[in-house]
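**Student:** Have a look at the structure that comes next, please.
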Amino acid sequence: MFQDLDVMKIHALLEEEPRGSYKVNYIVTEGGRIIELQYDNKFTINLGEFKLLKKYRVYDEKMSLPSHALCFESAPFPLNSFEEAIGLFKNPPVVAINSITNLQDHHQRISIRGEITRIPLELEPAEGAENPYRGLRLTNTLMRPRSIKVKLWREKAFMTNGFSVGDKIVVKNLKVMEFRGSIFLNSMSDTNIMNDTEFQETAEGLVIGASFVRQIFLAKGDDTNWKDTATDVFGNIEEKKQDLDR
């Protein structure tokens, strides 16, 4: 359901993103709501601009400007009260792969870290298509679900140049999507990829045993049992054990 409304002032938070027959951007309204805006190609709404919209439509999760709508330059409105929300929008938290399916909002923005396990050579559905993408796959082998697909659309598909399978990366500013029960991540106009020099595979769970003789460290997580024989793990345990003995 939607309705045509009269007038609203908005401020553009990103560069607009062409989607073939329409464009997309994220805006903050004069009332402080951050929302996706879809609009006809005849309009231009770019990063930092203030606009006055007339005859826009409101859906549950987004707004739209149909071809009969109007869009004008507008005087700025104060953003001080929304600085925290805008800051979180522009720098979303890094989310673990296994926790994405538990997010309450399957349309929110996040960042993600993981190891590249697949970079397709060809774009989907094809390089000459109107909206091609490259389906990058990231994984964290210790947790389940262990991998997730990241769709890098249009020019973002070429951000994988210079990266290889096995690289640890952070992909910033992605949108969580759900289609027919499948969760994946979509690129946005400000999505970027960087090497993750601080990448470390982690797992949370209950420690069920440690052998200082055999140097085996066992723990039980939600989905798996795992062991770690790293010297630094036992070094830390030994130090704590000695502290307790004192």
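We label chains A, B, ... in the order they appear in the structure tokens, count residues from 1 in each chain, and number ligands from 1 in the order shown.
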Would you list the contacts of Leu79 of chain A as a list in words, taking every protein, DNA or RNA residue within 10 Å and counting only C-alpha atoms, but skipping same-chain residues closer than 5 positions in sequence?

**Tutor:**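 With the cut-off at 10 Å, the set is His11, Val28, Thr29, Glu30, Gly31, Gly32, Glu84 and Ile86 of chain A.
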
**Student:** May I have all residues of segment 41-176 of chain A that DSSP, computed from the backbone, assigns to strand (DSSP E), given as JSON, numbers by chain?

**Tutor:** {"A": [50, 51, 52, 53, 54, 57, 58, 62, 63, 64, 65, 70, 71, 72, 73, 94, 95, 109, 110, 111, 112, 113, 114, 115, 116, 117, 118, 133, 134, 135, 136, 137, 138, 139, 147, 148, 149, 150, 151, 152, 153, 168, 169, 170, 171, 172, 173, 174, 175, 176]}

**Student:** State, in Å with one decimal place, the distance from atom CA of Met194 of chain A to atom CA of Ser164 of chain A.

**Tutor:**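 It comes out at 12.3 Å.
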
**Student:** From the list A:Leu13, A:Ile100, A:Leu52, A:Met188, which residue is nearest Asn173 of chain A when using only C-alpha atoms?

**Tutor:**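 Ranking A:Leu13, A:Ile100, A:Leu52, A:Met188 by distance to Asn173 of chain A, first place goes to A:Met188.
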
**Student:** Give me the residues near Glu16 of chain A as a compact mmCIF listing (two decimals) with N, CA and C atoms, in the first residue's frame, where near means some atom within 7 Å (using only C-alpha atoms) and where sequence neighbours in that chain fewer than 6 positions away do not count.

**Tutor:**
```txt
# COMPACT_ATOMS: atom_id res chain seq x y z
N LYS A 23 16.42 5.54 -10.19
CA LYS A 23 17.60 5.76 -9.36
C LYS A 23 17.25 5.50 -7.90
N VAL A 24 18.30 5.33 -7.09
CA VAL A 24 18.13 5.07 -5.67
C VAL A 24 19.10 5.92 -4.87
N ASN A 25 18.65 6.42 -3.75
CA ASN A 25 19.53 7.08 -2.80
C ASN A 25 18.96 6.88 -1.40
N ILE A 45 19.39 13.69 -7.30
CA ILE A 45 19.49 13.92 -5.86
C ILE A 45 20.82 13.33 -5.39
N ASN A 46 21.83 14.19 -5.25
CA ASN A 46 23.17 13.70 -4.95
C ASN A 46 23.62 14.04 -3.53
```

**Student:** What's around Gln38 of chain A at 12 Å? Count only C-alpha atoms, leave out sequence neighbours fewer than 3 positions away in its own chain, and write the answer as a VMD selection string.

**Tutor:** chain A and resid 16 to 27 35 41 to 45 56 to 59 61 to 67 69

**Student:** Could the residues in this selection be saved with C-alpha atoms as a PDB file, in the first residue's frame?

**Tutor:**
```pdb
ATOM      1  CA  GLU A  16      22.652   8.531  -6.222  1.00  0.00           C
ATOM      2  CA  GLU A  17      22.808   5.070  -7.792  1.00  0.00           C
ATOM      3  CA  PRO A  18      21.306   4.384 -11.252  1.00  0.00           C
ATOM      4  CA  ARG A  19      19.182   1.236 -11.451  1.00  0.00           C
ATOM      5  CA  GLY A  20      18.206   1.206 -15.098  1.00  0.00           C
ATOM      6  CA  SER A  21      14.727   2.728 -15.309  1.00  0.00           C
ATOM      7  CA  TYR A  22      15.067   4.520 -11.944  1.00  0.00           C
ATOM      8  CA  LYS A  23      17.597   5.762  -9.361  1.00  0.00           C
ATOM      9  CA  VAL A  24      18.125   5.068  -5.668  1.00  0.00           C
ATOM     10  CA  ASN A  25      19.530   7.082  -2.795  1.00  0.00           C
ATOM     11  CA  TYR A  26      19.272   7.186   0.987  1.00  0.00           C
ATOM     12  CA  ILE A  27      17.971  10.352   2.595  1.00  0.00           C
ATOM     13  CA  ILE A  35      14.985   5.843   4.482  1.00  0.00           C
ATOM     14  CA  ASN A  41      15.537   9.217 -13.851  1.00  0.00           C
ATOM     15  CA  LYS A  42      14.482  12.780 -14.620  1.00  0.00           C
ATOM     16  CA  PHE A  43      15.398  13.756 -11.035  1.00  0.00           C
ATOM     17  CA  THR A  44      18.903  14.256  -9.608  1.00  0.00           C
ATOM     18  CA  ILE A  45      19.494  13.925  -5.858  1.00  0.00           C
ATOM     19  CA  TYR A  56       6.020  11.628  -3.165  1.00  0.00           C
ATOM     20  CA  ARG A  57       4.849   8.165  -2.190  1.00  0.00           C
ATOM     21  CA  VAL A  58       5.470   6.307   1.057  1.00  0.00           C
ATOM     22  CA  TYR A  59       5.799   2.525   1.304  1.00  0.00           C
ATOM     23  CA  GLU A  61      10.309   0.387   3.872  1.00  0.00           C
ATOM     24  CA  LYS A  62      10.929   3.157   1.341  1.00  0.00           C
ATOM     25  CA  MET A  63       9.777   6.308  -0.401  1.00  0.00           C
ATOM     26  CA  SER A  64       9.418   6.950  -4.114  1.00  0.00           C
ATOM     27  CA  LEU A  65       9.130   9.829  -6.536  1.00  0.00           C
ATOM     28  CA  PRO A  66       6.966   8.800  -9.484  1.00  0.00           C
ATOM     29  CA  SER A  67       7.191  10.630 -12.797  1.00  0.00           C
ATOM     30  CA  ALA A  69       6.194  14.108  -8.624  1.00  0.00           C
TER      31      ALA A  69
END
```

**Student:** If you count only C-alpha atoms, which residues fall within 9 Å of Ile169 of chain A, apart from same-chain ones fewer than 3 positions away, as a PyMOL selection string?

**Tutor:** chain A and resi 112-116+138+163+193-197+199

**Student:** Now that the selection is made, can you save its residues with N, CA, C and O atoms as a PDB file, in the first residue's frame?

**Tutor:**
```pdb
ATOM      1  N   ILE A 112      31.119  -6.191   6.830  1.00  0.00           N
ATOM      2  CA  ILE A 112      31.382  -7.598   7.109  1.00  0.00           C
ATOM      3  C   ILE A 112      32.852  -7.903   6.853  1.00  0.00           C
ATOM      4  O   ILE A 112      33.489  -7.273   6.005  1.00  0.00           O
ATOM      5  N   ARG A 113      33.389  -8.866   7.583  1.00  0.00           N
ATOM      6  CA  ARG A 113      34.757  -9.312   7.361  1.00  0.00           C
ATOM      7  C   ARG A 113      34.751 -10.817   7.135  1.00  0.00           C
ATOM      8  O   ARG A 113      33.900 -11.542   7.653  1.00  0.00           O
ATOM      9  N   GLY A 114      35.712 -11.289   6.351  1.00  0.00           N
ATOM     10  CA  GLY A 114      35.801 -12.721   6.093  1.00  0.00           C
ATOM     11  C   GLY A 114      36.909 -13.036   5.114  1.00  0.00           C
ATOM     12  O   GLY A 114      37.627 -12.145   4.651  1.00  0.00           O
ATOM     13  N   GLU A 115      37.022 -14.305   4.797  1.00  0.00           N
ATOM     14  CA  GLU A 115      38.019 -14.772   3.837  1.00  0.00           C
ATOM     15  C   GLU A 115      37.337 -15.058   2.508  1.00  0.00           C
ATOM     16  O   GLU A 115      36.276 -15.697   2.465  1.00  0.00           O
ATOM     17  N   ILE A 116      37.937 -14.577   1.420  1.00  0.00           N
ATOM     18  CA  ILE A 116      37.367 -14.804   0.089  1.00  0.00           C
ATOM     19  C   ILE A 116      37.532 -16.272  -0.288  1.00  0.00           C
ATOM     20  O   ILE A 116      38.639 -16.809  -0.268  1.00  0.00           O
ATOM     21  N   LEU A 138      32.196 -14.868   0.853  1.00  0.00           N
ATOM     22  CA  LEU A 138      33.063 -14.740   2.017  1.00  0.00           C
ATOM     23  C   LEU A 138      32.735 -15.822   3.033  1.00  0.00           C
ATOM     24  O   LEU A 138      31.579 -16.247   3.155  1.00  0.00           O
ATOM     25  N   PHE A 163      42.254  -8.545  -5.737  1.00  0.00           N
ATOM     26  CA  PHE A 163      42.030  -9.478  -4.631  1.00  0.00           C
ATOM     27  C   PHE A 163      41.984 -10.904  -5.161  1.00  0.00           C
ATOM     28  O   PHE A 163      41.633 -11.147  -6.320  1.00  0.00           O
ATOM     29  N   ILE A 193      35.959  -2.087  -0.481  1.00  0.00           N
ATOM     30  CA  ILE A 193      36.652  -3.285   0.008  1.00  0.00           C
ATOM     31  C   ILE A 193      38.064  -2.901   0.416  1.00  0.00           C
ATOM     32  O   ILE A 193      38.722  -2.123  -0.274  1.00  0.00           O
ATOM     33  N   MET A 194      38.530  -3.470   1.521  1.00  0.00           N
ATOM     34  CA  MET A 194      39.900  -3.232   1.955  1.00  0.00           C
ATOM     35  C   MET A 194      40.478  -4.497   2.565  1.00  0.00           C
ATOM     36  O   MET A 194      39.731  -5.366   3.030  1.00  0.00           O
ATOM     37  N   ASN A 195      41.790  -4.624   2.526  1.00  0.00           N
ATOM     38  CA  ASN A 195      42.451  -5.735   3.197  1.00  0.00           C
ATOM     39  C   ASN A 195      42.217  -5.640   4.691  1.00  0.00           C
ATOM     40  O   ASN A 195      42.252  -4.554   5.278  1.00  0.00           O
ATOM     41  N   ASP A 196      41.973  -6.774   5.318  1.00  0.00           N
ATOM     42  CA  ASP A 196      41.740  -6.804   6.755  1.00  0.00           C
ATOM     43  C   ASP A 196      42.994  -7.292   7.461  1.00  0.00           C
ATOM     44  O   ASP A 196      43.207  -8.490   7.626  1.00  0.00           O
ATOM     45  N   THR A 197      43.841  -6.360   7.866  1.00  0.00           N
ATOM     46  CA  THR A 197      45.092  -6.719   8.535  1.00  0.00           C
ATOM     47  C   THR A 197      44.851  -7.227   9.943  1.00  0.00           C
ATOM     48  O   THR A 197      45.730  -7.833  10.549  1.00  0.00           O
ATOM     49  N   PHE A 199      42.240  -9.303  10.632  1.00  0.00           N
ATOM     50  CA  PHE A 199      41.320 -10.436  10.544  1.00  0.00           C
ATOM     51  C   PHE A 199      41.768 -11.570  11.450  1.00  0.00           C
ATOM     52  O   PHE A 199      42.936 -11.933  11.480  1.00  0.00           O
TER      53      PHE A 199
END
```

**Student:** Do you know which residues are at most 7 Å from Lys54 of chain A counting only C-alpha atoms, after dropping those on the same chain fewer than 6 positions away, and could you put them as a ChimeraX atom specification?

**Tutor:** /A:6-8,69-71
